[in-house]
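Structure data follow from upload19.txt (compact mmCIF, C-alpha atoms):
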# COMPACT_ATOMS: atom_id res chain seq x y z
CA MET A 1 43.24 64.09 161.94
CA LYS A 2 40.48 66.20 160.34
CA TYR A 3 40.28 67.00 156.64
CA VAL A 4 38.89 70.12 154.93
CA ILE A 5 38.39 71.24 151.35
CA VAL A 6 37.77 74.96 150.80
CA LEU A 7 36.54 75.32 147.23
CA GLY A 8 36.54 78.83 145.76
CA ASP A 9 34.40 78.09 142.70
CA GLY A 10 35.97 79.55 139.55
CA MET A 11 38.60 81.35 141.65
CA ALA A 12 41.45 80.89 139.14
CA GLY A 13 41.75 83.07 136.05
CA GLU A 14 44.06 84.72 133.55
CA PRO A 15 46.42 87.74 133.75
CA LEU A 16 44.57 91.01 133.20
CA GLU A 17 46.02 94.23 131.81
CA ILE A 18 43.84 96.25 134.18
CA LEU A 19 45.60 94.47 137.08
CA GLY A 20 49.10 95.02 135.71
CA GLY A 21 49.32 91.51 134.34
CA LYS A 22 48.07 89.83 137.52
CA THR A 23 45.18 87.40 137.84
CA THR A 24 42.36 88.19 140.26
CA LEU A 25 43.80 85.56 142.61
CA GLU A 26 47.22 87.26 142.49
CA ALA A 27 45.68 90.72 142.97
CA ALA A 28 43.54 89.71 145.95
CA VAL A 29 44.86 90.52 149.43
CA THR A 30 44.87 87.13 151.16
CA PRO A 31 47.02 87.25 154.31
CA VAL A 32 45.74 83.94 155.72
CA MET A 33 46.47 81.93 152.57
CA ASP A 34 49.81 83.74 152.14
CA GLU A 35 50.90 82.75 155.64
CA MET A 36 49.74 79.15 155.14
CA SER A 37 51.45 78.88 151.76
CA LYS A 38 54.89 79.34 153.35
CA VAL A 39 54.57 75.87 154.87
CA SER A 40 52.24 74.25 152.32
CA GLU A 41 52.48 72.19 149.15
CA GLN A 42 51.36 73.88 145.94
CA GLY A 43 50.71 72.30 142.58
CA ILE A 44 48.23 72.11 139.74
CA ALA A 45 45.52 69.54 139.05
CA ARG A 46 43.37 68.82 136.02
CA MET A 47 39.87 68.61 137.43
CA VAL A 48 38.10 68.46 134.06
CA PRO A 49 39.27 65.42 132.06
CA GLU A 50 40.39 66.05 128.48
CA GLY A 51 37.43 65.99 126.13
CA MET A 52 34.79 66.75 128.79
CA ALA A 53 32.97 70.08 129.11
CA PRO A 54 34.49 72.35 131.78
CA GLY A 55 31.49 72.48 134.09
CA SER A 56 31.24 72.74 137.85
CA ASP A 57 29.60 69.31 137.70
CA THR A 58 32.53 67.36 136.24
CA ALA A 59 35.06 69.48 138.14
CA ASN A 60 33.46 69.10 141.58
CA LEU A 61 33.03 65.37 141.09
CA SER A 62 36.81 65.28 140.58
CA VAL A 63 37.47 67.42 143.64
CA ALA A 64 35.26 65.09 145.69
CA GLY A 65 37.35 62.13 144.50
CA TYR A 66 35.04 60.71 141.83
CA ASP A 67 36.38 60.11 138.32
CA PRO A 68 33.92 61.99 136.04
CA ARG A 69 34.57 59.53 133.23
CA ILE A 70 32.97 56.85 135.40
CA TYR A 71 30.41 58.70 137.50
CA TYR A 72 29.16 61.64 135.41
CA THR A 73 25.66 61.29 133.91
CA GLY A 74 24.81 65.00 133.60
CA ARG A 75 24.54 68.03 135.85
CA SER A 76 20.81 68.25 136.40
CA PRO A 77 20.39 64.74 137.84
CA LEU A 78 22.75 65.72 140.66
CA GLU A 79 20.66 68.82 141.31
CA ALA A 80 17.53 66.64 141.28
CA LEU A 81 19.01 64.60 144.12
CA SER A 82 19.56 67.80 146.09
CA ILE A 83 15.92 68.89 145.96
CA GLY A 84 14.57 65.41 146.63
CA VAL A 85 13.29 64.52 143.15
CA GLN A 86 13.08 60.77 142.64
CA MET A 87 14.09 59.96 139.06
CA ALA A 88 13.10 56.81 137.20
CA ASN A 89 15.70 55.09 135.04
CA ASP A 90 14.20 56.55 131.85
CA ASP A 91 13.73 60.10 133.20
CA VAL A 92 15.90 62.94 131.93
CA ALA A 93 16.63 65.99 134.08
CA PHE A 94 17.36 69.48 132.73
CA ARG A 95 18.65 72.57 134.50
CA CYS A 96 16.06 75.31 134.07
CA ASN A 97 17.70 78.70 134.54
CA ILE A 98 15.59 81.83 134.75
CA VAL A 99 17.60 84.28 132.63
CA THR A 100 17.46 87.85 131.38
CA LEU A 101 17.02 88.33 127.63
CA THR A 102 16.81 91.53 125.62
CA GLU A 103 13.16 92.38 125.01
CA GLU A 104 12.61 94.13 121.68
CA GLU A 105 13.64 91.57 119.05
CA PRO A 106 11.92 88.34 117.94
CA TYR A 107 12.83 85.51 120.32
CA GLU A 108 15.53 83.96 118.12
CA GLU A 109 17.21 87.37 117.73
CA LYS A 110 17.36 88.11 121.45
CA THR A 111 20.60 88.22 123.44
CA ILE A 112 21.34 86.80 126.88
CA ILE A 113 22.21 89.68 129.18
CA ASP A 114 22.36 87.80 132.47
CA HIS A 115 22.35 84.03 133.11
CA SER A 116 21.21 84.59 136.74
CA SER A 117 18.62 87.37 136.42
CA GLY A 118 20.61 89.52 138.81
CA GLU A 119 20.94 86.61 141.26
CA ILE A 120 17.19 86.67 141.74
CA SER A 121 15.90 85.51 145.13
CA THR A 122 14.50 82.00 145.45
CA GLU A 123 11.21 83.47 146.67
CA ASP A 124 10.68 85.62 143.56
CA ALA A 125 11.93 82.89 141.23
CA ALA A 126 9.49 80.38 142.74
CA VAL A 127 6.57 82.68 141.91
CA LEU A 128 7.79 83.09 138.34
CA LEU A 129 8.38 79.37 137.86
CA ASP A 130 4.91 78.65 139.17
CA ALA A 131 3.47 80.99 136.52
CA VAL A 132 5.46 79.11 133.87
CA ARG A 133 4.34 75.75 135.26
CA ARG A 134 0.65 76.72 135.14
CA GLU A 135 0.80 77.97 131.56
CA LEU A 136 3.08 75.28 130.14
CA ALA A 137 1.61 72.26 131.93
CA ARG A 138 1.72 69.17 129.72
CA ASP A 139 1.97 65.44 130.30
CA GLY A 140 5.47 64.10 130.82
CA TYR A 141 7.13 67.38 131.86
CA GLU A 142 7.49 68.42 135.51
CA PHE A 143 9.03 71.64 136.88
CA TYR A 144 10.68 71.85 140.31
CA VAL A 145 11.88 74.90 142.25
CA GLY A 146 15.58 74.96 143.15
CA THR A 147 17.64 77.89 144.47
CA SER A 148 17.81 81.46 143.15
CA TYR A 149 17.85 81.27 139.32
CA ARG A 150 18.65 77.51 139.25
CA HIS A 151 15.62 75.24 138.75
CA LEU A 152 14.75 71.86 137.29
CA LEU A 153 12.69 70.19 134.57
CA ILE A 154 12.10 66.44 134.51
CA TRP A 155 11.13 64.91 131.17
CA LYS A 156 9.47 61.59 131.88
CA GLY A 157 10.74 58.93 129.50
CA GLY A 158 12.73 61.62 127.72
CA LYS A 159 15.99 61.75 125.85
CA VAL A 160 19.31 63.44 126.56
CA VAL A 161 19.79 66.27 124.07
CA GLU A 162 22.73 68.57 123.53
CA LEU A 163 22.11 72.02 125.01
CA THR A 164 24.23 75.12 125.65
CA PRO A 165 24.82 76.60 129.14
CA PRO A 166 23.55 80.19 129.15
CA HIS A 167 26.71 81.52 130.81
CA ASP A 168 28.67 80.29 127.78
CA ILE A 169 26.86 82.61 125.36
CA LEU A 170 26.43 85.87 127.27
CA THR A 171 25.90 88.81 124.87
CA LYS A 172 25.32 86.43 121.92
CA LYS A 173 22.11 86.03 119.91
CA ILE A 174 20.35 82.90 121.09
CA GLY A 175 18.84 81.56 117.85
CA GLU A 176 21.53 79.02 116.96
CA TYR A 177 21.74 77.81 120.58
CA LEU A 178 18.06 77.00 121.10
CA PRO A 179 17.08 73.33 121.53
CA GLN A 180 16.46 71.31 118.40
CA ASP A 181 13.75 69.45 120.29
CA GLU A 182 10.47 71.18 119.39
CA ALA A 183 8.77 70.81 122.78
CA LEU A 184 11.72 72.23 124.74
CA ARG A 185 12.19 75.06 122.25
CA GLU A 186 8.49 75.97 122.35
CA MET A 187 8.42 76.03 126.15
CA MET A 188 11.36 78.44 126.23
CA LYS A 189 9.74 80.77 123.68
CA LYS A 190 6.38 80.75 125.47
CA SER A 191 8.05 81.40 128.82
CA PHE A 192 9.14 84.83 127.58
CA ASP A 193 5.53 85.81 126.82
CA ILE A 194 4.49 84.57 130.26
CA LEU A 195 7.24 86.33 132.20
CA LYS A 196 8.03 89.60 130.42
CA ASP A 197 5.09 91.51 131.91
CA HIS A 198 4.75 89.58 135.16
CA PRO A 199 4.26 91.96 138.14
CA ILE A 200 7.53 90.79 139.70
CA ASN A 201 9.44 91.77 136.55
CA ILE A 202 7.65 95.08 136.23
CA GLU A 203 8.74 95.85 139.79
CA ARG A 204 12.28 94.60 139.16
CA LYS A 205 12.68 96.96 136.23
CA LYS A 206 11.37 99.87 138.33
CA GLN A 207 14.12 99.07 140.83
CA GLY A 208 16.78 98.95 138.12
CA LYS A 209 17.14 95.16 138.34
CA ASN A 210 17.37 92.72 135.47
CA PRO A 211 13.99 91.15 134.67
CA ALA A 212 13.81 87.34 134.91
CA ASN A 213 12.04 87.00 131.58
CA SER A 214 12.78 83.56 130.12
CA ILE A 215 13.58 80.01 131.11
CA TRP A 216 16.64 78.31 129.61
CA PHE A 217 17.17 74.55 129.53
CA TRP A 218 20.61 72.93 129.67
CA GLY A 219 22.67 70.26 131.48
CA ALA A 220 20.55 67.23 130.51
CA GLY A 221 21.29 63.87 132.11
CA THR A 222 20.01 60.61 133.57
CA ARG A 223 19.88 59.28 137.13
CA PRO A 224 23.38 59.12 138.70
CA SER A 225 24.87 56.44 140.93
CA LEU A 226 27.77 57.44 143.19
CA THR A 227 29.74 55.16 145.48
CA SER A 228 29.30 56.04 149.16
CA PHE A 229 31.97 58.56 150.22
CA GLU A 230 32.37 56.87 153.60
CA GLU A 231 32.76 53.42 152.08
CA LYS A 232 35.20 54.80 149.51
CA THR A 233 37.41 56.78 151.91
CA GLY A 234 36.66 55.50 155.39
CA LYS A 235 35.82 59.08 156.38
CA LYS A 236 32.50 60.56 157.49
CA GLY A 237 31.99 63.64 155.33
CA VAL A 238 29.75 66.71 155.26
CA MET A 239 29.00 69.20 152.47
CA ILE A 240 28.47 72.91 153.14
CA SER A 241 27.16 74.70 150.05
CA ALA A 242 24.28 76.89 148.88
CA VAL A 243 24.31 75.33 145.41
CA ASP A 244 22.02 72.44 144.46
CA LEU A 245 24.72 70.78 142.35
CA LEU A 246 27.05 70.37 145.33
CA LYS A 247 24.20 69.35 147.59
CA GLY A 248 23.28 66.71 145.02
CA ILE A 249 26.81 65.32 144.98
CA ALA A 250 26.60 65.07 148.77
CA VAL A 251 23.24 63.30 148.68
CA GLY A 252 24.42 60.91 145.98
CA ALA A 253 27.60 60.14 147.93
CA GLY A 254 25.78 59.65 151.23
CA MET A 255 27.50 62.63 152.86
CA GLY A 256 25.96 64.85 155.48
CA LEU A 257 24.57 68.19 154.37
CA LYS A 258 24.58 71.49 156.27
CA ILE A 259 21.98 74.10 155.31
CA VAL A 260 23.31 77.50 156.39
CA GLU A 261 20.80 80.31 156.80
CA GLY A 262 21.66 83.21 154.50
CA ALA A 263 23.92 81.13 152.25
CA ASN A 264 22.75 82.00 148.74
CA GLY A 265 25.54 81.31 146.23
CA GLY A 266 26.14 85.04 145.66
CA LEU A 267 28.79 87.55 146.66
CA HIS A 268 26.94 88.46 149.83
CA THR A 269 26.52 84.97 151.19
CA ASN A 270 26.82 83.92 154.84
CA TYR A 271 30.56 83.21 154.93
CA GLU A 272 30.74 83.14 158.72
CA GLY A 273 27.83 80.72 158.93
CA LYS A 274 29.55 78.33 156.54
CA ALA A 275 32.80 78.50 158.48
CA GLN A 276 31.06 77.85 161.80
CA ALA A 277 29.07 74.95 160.31
CA ALA A 278 32.35 73.31 159.28
CA ILE A 279 33.97 73.90 162.67
CA ASP A 280 30.96 72.44 164.50
CA ALA A 281 30.78 69.44 162.18
CA LEU A 282 34.45 68.61 162.68
CA THR A 283 34.79 69.37 166.39
CA LYS A 284 31.36 68.55 167.86
CA GLU A 285 29.42 66.32 165.47
CA GLY A 286 31.80 63.49 164.67
CA TYR A 287 32.62 64.32 161.05
CA ASP A 288 36.10 63.62 159.71
CA PHE A 289 35.86 65.65 156.51
CA ALA A 290 34.18 68.92 155.50
CA TYR A 291 33.76 70.25 151.95
CA ILE A 292 33.13 74.01 152.08
CA HIS A 293 31.97 75.33 148.72
CA VAL A 294 31.76 79.07 147.94
CA GLU A 295 30.13 79.99 144.63
CA ALA A 296 30.84 83.74 144.71
CA PRO A 297 34.13 83.92 142.71
CA ASP A 298 32.51 81.98 139.86
CA GLU A 299 29.41 84.17 139.80
CA MET A 300 31.55 87.32 139.74
CA GLY A 301 33.62 85.83 136.91
CA HIS A 302 30.44 85.21 134.91
CA GLN A 303 29.42 88.81 135.54
CA GLY A 304 32.80 90.02 134.32
CA SER A 305 33.37 92.01 137.50
CA VAL A 306 37.08 92.25 138.35
CA GLU A 307 36.44 94.18 141.56
CA ASN A 308 33.82 91.78 142.87
CA LYS A 309 35.77 88.65 141.97
CA ILE A 310 38.73 89.99 143.94
CA GLN A 311 36.38 90.81 146.81
CA ALA A 312 34.96 87.27 146.77
CA ILE A 313 38.49 85.78 147.00
CA GLU A 314 39.45 88.14 149.81
CA TRP A 315 36.31 87.26 151.77
CA LEU A 316 37.01 83.56 151.21
CA ASP A 317 40.41 84.11 152.85
CA GLU A 318 39.19 86.35 155.66
CA ARG A 319 35.78 84.89 156.47
CA ILE A 320 36.12 81.17 155.66
CA ILE A 321 39.73 79.97 155.67
CA GLY A 322 40.90 82.11 158.60
CA PRO A 323 38.03 81.22 160.96
CA VAL A 324 38.10 77.49 160.09
CA LYS A 325 41.85 77.31 160.65
CA GLU A 326 41.56 79.18 163.94
CA GLY A 327 38.54 77.15 165.08
CA LEU A 328 40.28 73.82 164.53
CA GLU A 329 43.45 75.05 166.21
CA LYS A 330 41.51 76.24 169.27
CA ALA A 331 39.79 72.85 169.46
CA GLY A 332 43.18 71.15 169.46
CA GLU A 333 42.50 69.29 166.22
CA ASP A 334 45.24 68.27 163.81
CA PHE A 335 44.02 68.90 160.27
CA ARG A 336 44.87 68.96 156.58
CA MET A 337 43.25 71.66 154.43
CA LEU A 338 43.09 71.63 150.63
CA ILE A 339 42.34 75.03 149.05
CA LEU A 340 41.54 75.24 145.35
CA PRO A 341 39.04 76.19 142.64
CA ASP A 342 37.16 73.57 140.65
CA HIS A 343 37.94 75.30 137.33
CA PRO A 344 38.99 78.78 136.20
CA THR A 345 36.33 81.36 135.34
CA PRO A 346 38.42 84.04 133.60
CA ILE A 347 37.05 87.55 133.36
CA ARG A 348 38.00 87.66 129.68
CA VAL A 349 35.60 84.91 128.63
CA ARG A 350 33.08 85.13 131.51
CA THR A 351 32.67 81.36 131.52
CA HIS A 352 34.53 78.21 132.57
CA THR A 353 37.70 76.84 131.03
CA GLY A 354 39.22 73.38 131.45
CA THR A 355 42.70 74.64 132.36
CA PRO A 356 44.31 72.80 135.31
CA VAL A 357 43.77 74.62 138.60
CA PRO A 358 46.21 75.69 141.33
CA TYR A 359 45.88 74.00 144.69
CA MET A 360 47.44 74.46 148.11
CA LEU A 361 47.63 71.66 150.68
CA TYR A 362 48.26 72.69 154.29
CA ASP A 363 49.03 70.25 157.09
CA SER A 364 48.90 71.60 160.65
CA THR A 365 51.37 68.92 161.79
CA LYS A 366 54.04 69.52 159.13
CA ALA A 367 55.98 72.36 157.56
CA GLU A 368 56.63 72.01 153.83
CA ASN A 369 59.25 74.14 152.10
CA GLY A 370 56.53 76.37 150.73
CA ILE A 371 56.18 79.41 148.47
CA ALA A 372 55.40 82.91 149.74
CA THR A 373 51.98 83.24 148.08
CA TYR A 374 49.32 80.95 146.63
CA ASN A 375 48.42 81.68 143.01
CA GLU A 376 48.36 80.15 139.54
CA GLU A 377 51.96 80.99 138.63
CA ASN A 378 53.52 79.76 141.87
CA ALA A 379 51.51 76.55 141.70
CA LYS A 380 52.90 75.90 138.20
CA LYS A 381 56.46 76.64 139.35
CA SER A 382 56.26 73.85 141.92
CA GLY A 383 56.39 71.28 139.14
CA ILE A 384 53.73 69.15 140.85
CA VAL A 385 51.02 68.11 138.38
CA TRP A 386 48.02 65.83 138.91
CA GLU A 387 46.68 64.93 135.49
CA GLU A 388 43.93 62.86 137.09
CA GLY A 389 42.58 65.46 139.48
CA TYR A 390 40.18 63.11 141.23
CA ARG A 391 43.23 61.42 142.80
CA LEU A 392 44.00 64.60 144.75
CA MET A 393 41.38 63.54 147.32
CA ASP A 394 43.48 60.51 148.24
CA HIS A 395 46.49 62.80 148.56
CA LEU A 396 44.54 65.05 150.95
CA LEU A 397 43.62 62.03 153.05
CA GLY A 398 47.30 61.05 153.22
CA GLU A 399 46.97 57.93 151.10
Spit out the file's structure as structure tokens when you get a sec.
Amino acid sequence: MKYVIVLGDGMAGEPLEILGGKTTLEAAVTPVMDEMSKVSEQGIARMVPEGMAPGSDTANLSVAGYDPRIYYTGRSPLEALSIGVQMANDDVAFRCNIVTLTEEEPYEEKTIIDHSSGEISTEDAAVLLDAVRRELARDGYEFYVGTSYRHLLIWKGGKVVELTPPHDILTKKIGEYLPQDEALREMMKKSFDILKDHPINIERKKQGKNPANSIWFWGAGTRPSLTSFEEKTGKKGVMISAVDLLKGIAVGAGMGLKIVEGANGGLHTNYEGKAQAAIDALTKEGYDFAYIHVEAPDEMGHQGSVENKIQAIEWLDERIIGPVKEGLEKAGEDFRMLILPDHPTPIRVRTHTGTPVPYMLYDSTKAENGIATYNEENAKKSGIVWEEGYRLMDHLLGE
């Protein structure tokens, strides 16, 4: 038996008037999931424990079978693992987004327009971060390049401070959300002066793109320690994701990691490459379990784009779930596939919520008395509720 998780990040949402009271998941045309749902189990699971922030970090730890109350030490340390940064016990890691701020006002009066700088390429972001690194160099602070707009700061012998994710305050003035720590605050302010007239941003504005004109720190945490996934489950697992957070979970859990060319965490990622990587891992490379993570629905939710979030869900169905199902069937493999989001990213709020998420569990060897379509409402109607979402992994593995 092979085991698969297909994670549509932020895929769940809320009913929208523009969609006639449907969610984006309900409005999406998903023939593969609809056919599977007829013989699948549906239910809801709380992936973000009560009282914890509804981040992809806590939620994906749950999905991977790790209780966030035990294993969570912050988001950035997991991303540090992904890019090979060795953290000392007294180091503190921070996510360092490159964001788009309005340009005319004093820094504290500026507004966040875009938490991802138009999903800037890693190549351009690396040049900008290098400019910041050169100008802001100081003892005890080290910058590292990640992926796209997502980068890293290590504060040697630092302290964990409370910071706000930029996607939580889109369109709001930033003054009251800036770090209380003077050094962090000053670096953010100076970064705007360094980046606003950088040649890359001048060119981006000429092309009608959002300039990547400030860094933004958040997600502070200390070095994590995860139990080996294989020791915990008895299964050899592989992670397929373009996002450093998920890669970091894989590294921390001792899972394999597939780097797919053209996978970028955006709407136009390499869906087919991810699907084929999972098929190869499960049918040719000796893996028992594959975790396929697709960031696109979450990014489109943050952007507030109804059309593109629906498109991301439809491509997940057509270009990931369909090919993986077909590939495993052709290889003669029995398999169980769990399809779900980690958290909702409703269009209304353009950020994460901690609401329990709908899941669908398909078993190629069984036929459940299923429901015609997979969505939030049908999952609730099933009456199946997992209050401790991290236990859903054991359910997938048939335990």
I want to know what sits within 10 Å of region 134-148 of chain A, based on only C-alpha atoms, with residues of the same chain fewer than 4 positions away left out; could you give that as JSON, numbers by chain? {"A": [79, 80, 82, 83, 84, 85, 91, 92, 93, 94, 95, 96, 97, 98, 116, 117, 118, 119, 120, 121, 122, 123, 124, 125, 126, 127, 128, 129, 130, 152, 153, 154, 155, 156, 157, 158, 183, 184, 186, 187, 188, 190, 191, 194, 242, 243, 244, 264, 265, 266]}
Generate the output file for the selected residues, C-alpha atoms, as a compact mmCIF listing (two decimals), in the frame of the given file.
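So again_6.txt came out as:
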# COMPACT_ATOMS: atom_id res chain seq x y z
CA GLU A 79 20.66 68.82 141.31
CA ALA A 80 17.53 66.64 141.28
CA SER A 82 19.56 67.80 146.09
CA ILE A 83 15.92 68.89 145.96
CA GLY A 84 14.57 65.41 146.63
CA VAL A 85 13.29 64.52 143.15
CA ASP A 91 13.73 60.10 133.20
CA VAL A 92 15.90 62.94 131.93
CA ALA A 93 16.63 65.99 134.08
CA PHE A 94 17.36 69.48 132.73
CA ARG A 95 18.65 72.57 134.50
CA CYS A 96 16.06 75.31 134.07
CA ASN A 97 17.70 78.70 134.54
CA ILE A 98 15.59 81.83 134.75
CA SER A 116 21.21 84.59 136.74
CA SER A 117 18.62 87.37 136.42
CA GLY A 118 20.61 89.52 138.81
CA GLU A 119 20.94 86.61 141.26
CA ILE A 120 17.19 86.67 141.74
CA SER A 121 15.90 85.51 145.13
CA THR A 122 14.50 82.00 145.45
CA GLU A 123 11.21 83.47 146.67
CA ASP A 124 10.68 85.62 143.56
CA ALA A 125 11.93 82.89 141.23
CA ALA A 126 9.49 80.38 142.74
CA VAL A 127 6.57 82.68 141.91
CA LEU A 128 7.79 83.09 138.34
CA LEU A 129 8.38 79.37 137.86
CA ASP A 130 4.91 78.65 139.17
CA LEU A 152 14.75 71.86 137.29
CA LEU A 153 12.69 70.19 134.57
CA ILE A 154 12.10 66.44 134.51
CA TRP A 155 11.13 64.91 131.17
CA LYS A 156 9.47 61.59 131.88
CA GLY A 157 10.74 58.93 129.50
CA GLY A 158 12.73 61.62 127.72
CA ALA A 183 8.77 70.81 122.78
CA LEU A 184 11.72 72.23 124.74
CA GLU A 186 8.49 75.97 122.35
CA MET A 187 8.42 76.03 126.15
CA MET A 188 11.36 78.44 126.23
CA LYS A 190 6.38 80.75 125.47
CA SER A 191 8.05 81.40 128.82
CA ILE A 194 4.49 84.57 130.26
CA ALA A 242 24.28 76.89 148.88
CA VAL A 243 24.31 75.33 145.41
CA ASP A 244 22.02 72.44 144.46
CA ASN A 264 22.75 82.00 148.74
CA GLY A 265 25.54 81.31 146.23
CA GLY A 266 26.14 85.04 145.66
Who sits within 8 Å of region 300-312 of chain A, only C-alpha atoms, same chain under 4 positions skipped, as a count of residues only: 17
Selection: 6 Å around Ile371 (chain A), only C-alpha atoms, excl. self and same-chain fewer than 2 positions, as a ChimeraX atom specification: /A:37-38,373
Identify the residues around (44.1, 81.0, 156.5) within a radius of 7 Å, measuring from all atoms listed in the file in the coordinates stated by the file, and give them as number ranges by chain. A: 32-33, 36, 317, 321-322, 325
Pick out the closest residue to Met239 (chain A) from this set: A:Leu338, A:Ala64, A:Met1, A:Ala379. Count all atoms listed in the file.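 Of all the options, A:Ala64 lies closest to Met239 (chain A).
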One decimal, Å: what's the distance from CA of Arg150 (chain A) over to CA of Phe217 (chain A), could you say?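 The value is 10.3 Å.
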Which value, in Å to one decimal, gives the distance between CA of Thr355 (chain A) and CA of His343 (chain A)?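 Value for the CA of Thr355 (chain A)-CA of His343 (chain A) distance: 6.9 Å.
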Quick one: distance from CA of Lys205 (chain A) to CA of Glu103 (chain A) in Å, one decimal?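 Pair CA of Lys205 (chain A) / CA of Glu103 (chain A) returns 12.1 Å.
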Excluding same-chain residues fewer than 2 positions from Ser364 (chain A), what lies within 6 Å of it counting only C-alpha atoms, as a list of chain:residue names? A:Asp334, A:Phe335, A:Lys366
For the selection you just gave me, I'd like the residues written to a file as a JSON list (two decimals), in the frame of the given file, keeping C-alpha atoms.
[["chain", "number", "residue", "atom", "x", "y", "z"],
["A", 334, "ASP", "CA", 45.24, 68.27, 163.81],
["A", 335, "PHE", "CA", 44.02, 68.90, 160.27],
["A", 366, "LYS", "CA", 54.04, 69.52, 159.13]]
Can you pull out every residue within 9 Å of region 280-291 of chain A, counting only C-alpha atoms, but drop anything in the same chain fewer than 3 positions away, and send it as a PyMOL selection string? chain A and resi 1-7+64+235-241+256+258+275-277+327-328+331+333
List as a ChimeraX atom specification the residues having at least one atom at most 12 Å from position (33.6, 63.4, 139.8) as given in the file, counting only C-alpha atoms. /A:46-49,52,55-75,78,224-227,229,245-246,249-250,252-253,342,388-393
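Here the question is which of A:Arg319, A:Gly208, A:Thr233, A:Gly262 gets nearest to Asp394 (chain A) using all atoms listed in the file, and that residue is A:Thr233.
Among the candidates A:Val161, A:Ile112, A:Ile169, A:Ile200, the one nearest to Ala131 (chain A) when counting all atoms listed in the file is A:Ile200.
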From the set A:Val39, A:Ala45, A:Ala212, A:Met87, which residue has the shortest atom-to-atom contact distance to Ile113 (chain A), counting all atoms listed in the file?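 Of the candidates, the smallest distance to Ile113 (chain A) is held by A:Ala212.
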